[in-house]
Each structure stands twice: as structure tokens, then as C-alpha cells.
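Raw contents of protein_3.cif, mmCIF, C-alpha atoms:
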data_run
loop_
_atom_site.group_PDB
_atom_site.id
_atom_site.type_symbol
_atom_site.label_atom_id
_atom_site.label_comp_id
_atom_site.auth_asym_id
_atom_site.auth_seq_id
_atom_site.Cartn_x
_atom_site.Cartn_y
_atom_site.Cartn_z
ATOM 1 C CA MET A 1 -16.090 -14.955 -0.685
ATOM 2 C CA SER A 2 -13.630 -17.450 0.702
ATOM 3 C CA GLU A 3 -11.221 -16.926 3.559
ATOM 4 C CA VAL A 4 -7.657 -16.087 2.579
ATOM 5 C CA GLY A 5 -5.960 -18.024 5.313
ATOM 6 C CA ASN A 6 -2.893 -16.554 6.862
ATOM 7 C CA VAL A 7 -1.903 -14.026 4.181
ATOM 8 C CA ALA A 8 0.021 -11.062 5.609
ATOM 9 C CA VAL A 9 -0.996 -7.621 4.334
ATOM 10 C CA VAL A 10 0.969 -4.478 5.185
ATOM 11 C CA GLY A 11 -0.429 -1.028 4.551
ATOM 12 C CA LEU A 12 1.998 1.851 4.126
ATOM 13 C CA SER A 13 0.613 5.310 4.817
ATOM 14 C CA GLY A 14 2.873 7.680 2.922
ATOM 15 C CA SER A 15 1.237 10.929 3.976
ATOM 16 C CA PRO A 16 3.063 13.319 6.312
ATOM 17 C CA ALA A 17 -0.339 14.359 7.745
ATOM 18 C CA ALA A 18 -1.692 12.501 10.762
ATOM 19 C CA SER A 19 -5.113 12.440 9.182
ATOM 20 C CA SER A 20 -5.147 12.083 5.426
ATOM 21 C CA LYS A 21 -7.431 10.799 2.727
ATOM 22 C CA SER A 22 -4.884 8.264 1.523
ATOM 23 C CA ARG A 23 -4.451 6.921 5.074
ATOM 24 C CA VAL A 24 -8.244 6.506 5.346
ATOM 25 C CA LEU A 25 -8.216 4.383 2.194
ATOM 26 C CA VAL A 26 -5.225 2.299 3.295
ATOM 27 C CA ALA A 27 -6.908 1.617 6.649
ATOM 28 C CA TYR A 28 -10.104 0.670 4.839
ATOM 29 C CA ALA A 29 -8.191 -1.722 2.547
ATOM 30 C CA LEU A 30 -6.596 -3.371 5.588
ATOM 31 C CA ALA A 31 -9.985 -3.717 7.295
ATOM 32 C CA ARG A 32 -11.399 -5.404 4.187
ATOM 33 C CA ALA A 33 -8.462 -7.825 4.043
ATOM 34 C CA ALA A 34 -8.758 -8.549 7.786
ATOM 35 C CA ALA A 35 -12.461 -9.302 7.339
ATOM 36 C CA ARG A 36 -11.395 -12.040 4.912
ATOM 37 C CA GLY A 37 -8.961 -13.543 7.420
ATOM 38 C CA ALA A 38 -5.713 -11.827 6.452
ATOM 39 C CA ARG A 39 -3.203 -10.691 9.052
ATOM 40 C CA VAL A 40 -2.853 -6.938 8.646
ATOM 41 C CA GLU A 41 -0.497 -4.238 9.833
ATOM 42 C CA LEU A 42 -0.536 -0.492 9.222
ATOM 43 C CA VAL A 43 2.791 1.323 8.993
ATOM 44 C CA ASP A 44 2.480 5.093 9.313
ATOM 45 C CA LEU A 45 5.661 6.305 7.653
ATOM 46 C CA ALA A 46 5.323 9.802 9.161
ATOM 47 C CA ALA A 47 5.670 8.276 12.639
ATOM 48 C CA LEU A 48 9.047 6.682 11.824
ATOM 49 C CA PRO A 49 12.331 8.416 12.778
ATOM 50 C CA ALA A 50 13.359 10.731 9.936
ATOM 51 C CA ASP A 51 17.122 10.154 10.200
ATOM 52 C CA ALA A 52 16.698 6.399 9.834
ATOM 53 C CA LEU A 53 14.289 6.850 6.905
ATOM 54 C CA LEU A 54 16.884 9.035 5.212
ATOM 55 C CA GLY A 55 19.571 6.382 5.735
ATOM 56 C CA ARG A 56 21.499 8.504 8.253
ATOM 57 C CA GLY A 57 21.340 5.919 10.970
ATOM 58 C CA SER A 58 19.159 3.075 12.072
ATOM 59 C CA ALA A 59 16.108 2.717 14.247
ATOM 60 C CA PRO A 60 14.257 -0.378 15.429
ATOM 61 C CA ALA A 61 10.921 1.041 14.197
ATOM 62 C CA VAL A 62 12.250 1.502 10.649
ATOM 63 C CA ALA A 63 13.849 -1.952 10.677
ATOM 64 C CA ALA A 64 10.536 -3.455 11.836
ATOM 65 C CA ALA A 65 8.604 -1.609 9.105
ATOM 66 C CA LEU A 66 11.028 -2.792 6.421
ATOM 67 C CA ASP A 67 10.807 -6.336 7.756
ATOM 68 C CA ALA A 68 7.005 -6.214 7.755
ATOM 69 C CA ALA A 69 6.934 -4.994 4.148
ATOM 70 C CA THR A 70 9.351 -7.654 2.922
ATOM 71 C CA ARG A 71 7.568 -10.473 4.784
ATOM 72 C CA ALA A 72 4.067 -9.452 3.685
ATOM 73 C CA ARG A 73 2.399 -11.162 0.755
ATOM 74 C CA ILE A 74 0.454 -7.998 -0.124
ATOM 75 C CA VAL A 75 1.710 -4.416 0.235
ATOM 76 C CA VAL A 76 -0.865 -1.617 0.091
ATOM 77 C CA ALA A 77 0.793 1.764 -0.432
ATOM 78 C CA GLY A 78 -1.203 4.963 -0.024
ATOM 79 C CA THR A 79 -0.011 8.460 -0.785
ATOM 80 C CA PRO A 80 -1.279 11.901 -1.574
ATOM 81 C CA VAL A 81 -0.076 13.460 -4.825
ATOM 82 C CA TYR A 82 2.691 16.046 -4.401
ATOM 83 C CA ARG A 83 4.112 17.748 -7.463
ATOM 84 C CA ALA A 84 2.417 15.147 -9.686
ATOM 85 C CA THR A 85 3.883 12.109 -7.908
ATOM 86 C CA TYR A 86 3.910 10.123 -4.654
ATOM 87 C CA SER A 87 5.151 11.569 -1.373
ATOM 88 C CA GLY A 88 8.796 11.809 -0.413
ATOM 89 C CA LEU A 89 8.043 9.657 2.645
ATOM 90 C CA LEU A 90 6.953 6.780 0.451
ATOM 91 C CA LYS A 91 9.959 7.294 -1.819
ATOM 92 C CA VAL A 92 12.553 7.168 0.960
ATOM 93 C CA PHE A 93 10.905 4.082 2.460
ATOM 94 C CA PHE A 94 10.923 2.252 -0.892
ATOM 95 C CA ASP A 95 14.567 3.333 -1.337
ATOM 96 C CA LEU A 96 15.448 1.432 1.853
ATOM 97 C CA LEU A 97 13.839 -1.814 0.668
ATOM 98 C CA PRO A 98 16.399 -4.251 -0.759
ATOM 99 C CA GLN A 99 16.405 -4.682 -4.536
ATOM 100 C CA ASP A 100 13.985 -7.431 -5.643
ATOM 101 C CA SER A 101 12.491 -7.587 -2.120
ATOM 102 C CA LEU A 102 8.955 -7.465 -3.504
ATOM 103 C CA ILE A 103 9.334 -10.304 -6.006
ATOM 104 C CA GLY A 104 6.387 -12.628 -5.483
ATOM 105 C CA LYS A 105 4.456 -9.910 -3.629
ATOM 106 C CA VAL A 106 1.294 -8.132 -4.725
ATOM 107 C CA GLY A 107 1.227 -4.336 -4.713
ATOM 108 C CA VAL A 108 -1.921 -2.260 -4.292
ATOM 109 C CA PRO A 109 -1.447 1.419 -5.227
ATOM 110 C CA ILE A 110 -3.748 4.005 -3.630
ATOM 111 C CA VAL A 111 -3.358 7.687 -4.480
ATOM 112 C CA THR A 112 -5.382 10.738 -3.487
ATOM 113 C CA GLY A 113 -5.312 14.181 -5.009
ATOM 114 C CA HIS A 114 -7.371 17.316 -5.204
ATOM 115 C CA ASP A 115 -8.933 16.538 -8.589
ATOM 116 C CA ARG A 116 -8.825 14.059 -11.492
ATOM 117 C CA GLY A 117 -5.884 15.915 -13.022
ATOM 118 C CA HIS A 118 -3.406 13.647 -11.244
ATOM 119 C CA ALA A 119 -5.213 10.335 -11.711
ATOM 120 C CA LEU A 120 -2.387 9.001 -13.887
ATOM 121 C CA SER A 121 -0.037 9.210 -10.902
ATOM 122 C CA VAL A 122 -1.194 5.678 -10.052
ATOM 123 C CA ASP A 123 0.136 4.388 -13.381
ATOM 124 C CA HIS A 124 3.077 6.758 -13.817
ATOM 125 C CA GLY A 125 4.217 6.841 -10.202
ATOM 126 C CA LEU A 126 3.219 4.011 -7.879
ATOM 127 C CA ARG A 127 2.960 1.207 -10.430
ATOM 128 C CA PRO A 128 6.608 1.675 -11.584
ATOM 129 C CA LEU A 129 7.730 2.154 -7.966
ATOM 130 C CA PHE A 130 6.293 -1.249 -7.021
ATOM 131 C CA ALA A 131 7.599 -2.854 -10.213
ATOM 132 C CA SER A 132 11.134 -1.549 -9.583
ATOM 133 C CA LEU A 133 11.315 -3.942 -6.613
ATOM 134 C CA GLY A 134 9.637 -6.838 -8.406
ATOM 135 C CA ALA A 135 6.034 -6.628 -7.174
ATOM 136 C CA THR A 136 3.077 -7.681 -9.279
ATOM 137 C CA VAL A 137 0.701 -4.723 -9.193
ATOM 138 C CA VAL A 138 -3.064 -5.124 -9.271
ATOM 139 C CA ALA A 139 -4.690 -3.899 -12.468
ATOM 140 C CA GLY A 140 -7.214 -1.870 -10.491
ATOM 141 C CA GLY A 141 -5.200 0.776 -8.690
ATOM 142 C CA VAL A 142 -7.202 3.382 -6.765
ATOM 143 C CA TYR A 143 -7.313 7.149 -7.231
ATOM 144 C CA GLY A 144 -9.519 9.347 -5.054
ATOM 145 C CA THR A 145 -10.278 13.040 -5.300
ATOM 146 C CA SER A 146 -11.071 15.554 -2.579
ATOM 147 C CA ALA A 147 -14.670 15.685 -3.850
ATOM 148 C CA GLN A 148 -15.018 11.977 -3.007
ATOM 149 C CA PHE A 149 -14.561 12.720 0.701
ATOM 150 C CA GLN A 150 -17.120 14.349 2.978
ATOM 151 C CA ASP A 151 -16.303 14.902 6.661
ATOM 152 C CA GLY A 152 -13.301 12.577 6.367
ATOM 153 C CA LYS A 153 -15.376 9.712 4.935
ATOM 154 C CA ALA A 154 -14.859 8.255 1.482
ATOM 155 C CA ALA A 155 -17.722 8.078 -1.018
ATOM 156 C CA PRO A 156 -19.243 4.652 -1.717
ATOM 157 C CA GLU A 157 -17.833 4.468 -5.271
ATOM 158 C CA LEU A 158 -14.329 5.097 -3.935
ATOM 159 C CA LEU A 159 -14.716 2.391 -1.300
ATOM 160 C CA GLN A 160 -15.945 0.052 -4.042
ATOM 161 C CA ALA A 161 -12.747 0.747 -6.009
ATOM 162 C CA VAL A 162 -10.705 -0.175 -2.926
ATOM 163 C CA ASP A 163 -12.836 -3.328 -2.476
ATOM 164 C CA ARG A 164 -12.072 -4.379 -6.061
ATOM 165 C CA ALA A 165 -8.330 -3.753 -5.624
ATOM 166 C CA VAL A 166 -8.244 -5.748 -2.363
ATOM 167 C CA GLU A 167 -10.203 -8.623 -3.906
ATOM 168 C CA GLU A 168 -7.818 -8.707 -6.859
ATOM 169 C CA ALA A 169 -4.792 -8.677 -4.545
ATOM 170 C CA LEU A 170 -6.209 -11.483 -2.411
ATOM 171 C CA ALA A 171 -6.992 -13.528 -5.526
ATOM 172 C CA LEU A 172 -3.441 -13.045 -6.786
ATOM 173 C CA ALA A 173 -1.994 -13.909 -3.372
ATOM 174 C CA GLY A 174 -4.293 -16.933 -3.113
ATOM 175 C CA GLY A 175 -3.193 -18.131 -6.524
ATOM 176 C CA ALA A 176 0.441 -18.112 -5.446
ATOM 177 C CA ILE A 177 -0.392 -19.904 -2.230
ATOM 178 C CA SER A 178 -2.467 -22.554 -3.981
ATOM 179 C CA ARG A 179 0.496 -23.246 -6.304
ATOM 180 C CA GLY A 180 2.562 -24.139 -3.267
ATOM 181 C CA ASP A 181 4.444 -20.877 -2.708
ATOM 182 C CA GLN A 182 3.811 -21.127 1.018
ATOM 183 C CA ASN A 183 6.907 -19.103 1.885
ATOM 184 C CA LEU A 184 5.300 -16.011 0.336
ATOM 185 C CA SER A 185 2.425 -15.743 2.789
#
Any chance you could give the structure as C-alpha cells?
Amino acid sequence: MSEVGNVAVVGLSGSPAASSKSRVLVAYALARAAARGARVELVDLAALPADALLGRGSAPAVAAALDAATRARIVVAGTPVYRATYSGLLKVFFDLLPQDSLIGKVGVPIVTGHDRGHALSVDHGLRPLFASLGATVVAGGVYGTSAQFQDGKAAPELLQAVDRAVEEALALAGGAISRGDQNLS
């Protein structure tokens, strides 16, 4: 595995819970990218001021999170499934991103749910959400079930799925950088 240089990766934790399965997977994805030399940052959307997230004002923390997401080359978004789709936190954050702000970026969707019944939420929820802002989404999105977690730790096969998604994202980001798109890193 080669180093990825100075690629910026932002992880968005879209769970309202301080400890969540999707946050565990986002943090793991960021650790894997950092191990390859990427600059990483975790944005916990639940910690951001609600009024600013809802567009009823502004807050430096929300502005910084939006800036980090638009400057990153790779955006990892993790969310639990609620009512068969991504969390409202993730939705309001994506609503604040400027149109086309993810063109040239790579999106990595990570979704967790109780059982396999909501596995398509990766393809019917997060993939279109990323695409609506112009991101290229990795083919290997990640879906994890409650059964794949024991004592807050993800099962090896789930971590392997995250590894594959991160590797794909880094390869896509590296391809853009090697073509000379240095402003995207």
C-alpha cells in the first residue's frame, strides 16, 4: 500500500447519540486513512449548534464544519437508519452545503441499522445524497447491523468492508491527484 500524500478526509458522524455504531465505523475509516498518510478530521454533527444547523443563525463551529467538508478530498458520512433513511442531522448538514460543493470529491457512505432490512438505505439514501452535490461515490458503501457489534466493537467482516471502501476512496482520490487536480486535495 502506498502513501496517499496530503489528501484531506473528513468524517461526518450523523448520529444524535454520543456513542453510536455508525460513529465507530466513521472513526475507524478515518484511522485507516490516517494510517496511509491522509489528514483526517471527525465532525460530530450532534455537537454542533442546532439553530445554526437548521439555518436559523450562524455559528463558527458549523461554518468550520462546512468548510472542512468542502475542502476535503474525501467525505465519509456515517448515519444510523431512521424511518428507512439517513438521520435528520446528516440531512440538515448536507442542506447547508452549497450546490455542487462536492464535485471532484469522493463520498464514502456508511450506514448502520438493526438488521439487514435497511441495507438498501446506502443505495437509496446516502448515495443519492452525495450525488446531489456532485460527489463520486465509492461502489463499496458500508452497511452494518446490530448483530455485527459486540460490546461496542465491530465484527472483522464489517471492518473489512470499511477497509475496502477507504481503499477505493483513496485510489479514486489518488487518481485525481495524479492527473494534476492538486486543488482537490
Do a neighbour search on A:Arg32 at 9 Å with all atoms listed in the file, toss out local chain neighbours closer than 2 positions, and write the hits as a ChimeraX atom specification. /A:27-30,34-36,38,162-163,166-167
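Candidate residues A:Gly11, A:Ala33, A:Pro16, A:Ala68 were compared for distance to A:Leu48, and the nearest is A:Pro16, using only C-alpha atoms.
Here atom CA of A:Ser87 stands at a distance of 14.8 Å from atom CA of A:Leu120.
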Counting all atoms listed in the file, closest pick from A:Gly14, A:Pro128, A:Gly141, A:Pro49 relative to A:Tyr82 is A:Gly14
Just say which residues the PyMOL selection byres ((chain A and resi 107-115) around 8) picks in this file, as a count of residues only. 38
Write out as a CSV table (one decimal) with C-alpha atoms, in the frame of the given file which residues come within 12 Å of A:Leu97 when counting all atoms listed in the file, dropping same-chain ones fewer than 3 positions away.
chain,number,residue,atom,x,y,z
A,53,LEU,CA,14.3,6.8,6.9
A,55,GLY,CA,19.6,6.4,5.7
A,62,VAL,CA,12.2,1.5,10.6
A,63,ALA,CA,13.8,-2.0,10.7
A,64,ALA,CA,10.5,-3.5,11.8
A,65,ALA,CA,8.6,-1.6,9.1
A,66,LEU,CA,11.0,-2.8,6.4
A,67,ASP,CA,10.8,-6.3,7.8
A,68,ALA,CA,7.0,-6.2,7.8
A,69,ALA,CA,6.9,-5.0,4.1
A,70,THR,CA,9.4,-7.7,2.9
A,71,ARG,CA,7.6,-10.5,4.8
A,90,LEU,CA,7.0,6.8,0.5
A,91,LYS,CA,10.0,7.3,-1.8
A,92,VAL,CA,12.6,7.2,1.0
A,93,PHE,CA,10.9,4.1,2.5
A,94,PHE,CA,10.9,2.3,-0.9
A,100,ASP,CA,14.0,-7.4,-5.6
A,101,SER,CA,12.5,-7.6,-2.1
A,102,LEU,CA,9.0,-7.5,-3.5
A,103,ILE,CA,9.3,-10.3,-6.0
A,129,LEU,CA,7.7,2.2,-8.0
A,130,PHE,CA,6.3,-1.2,-7.0
A,132,SER,CA,11.1,-1.5,-9.6
A,133,LEU,CA,11.3,-3.9,-6.6
A,134,GLY,CA,9.6,-6.8,-8.4
How far is it from atom CA of A:Asn6 to atom CA of A:Gly37, in Å with one decimal?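 About the pair atom CA of A:Asn6 and atom CA of A:Gly37: they are 6.8 Å apart.
Put simply, atom CA of A:Ala173 is 20.2 Å away from atom CA of A:Val43.
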When you count only C-alpha atoms, which of these residues is closest to A:Gly140: A:Ala59, A:Ala47, A:Leu172, A:Ala161? A:Ala161
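Comparing the minimum interatomic distances between A:Val10 and each of A:Leu158, A:Ala72, A:Ala84, A:Ala61, counting only C-alpha atoms, we find that A:Ala72 sits nearest.
Between A:Ala131 and the candidates A:Ala8, A:Glu41, A:Gln99, A:Pro60, the tightest atom-to-atom separation, counting all atoms listed in the file, involves A:Gln99.
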Which is closest to A:Asp123 among A:Ala50, A:Leu96, A:Ala139, A:Ala18, if we use only C-alpha atoms? A:Ala139
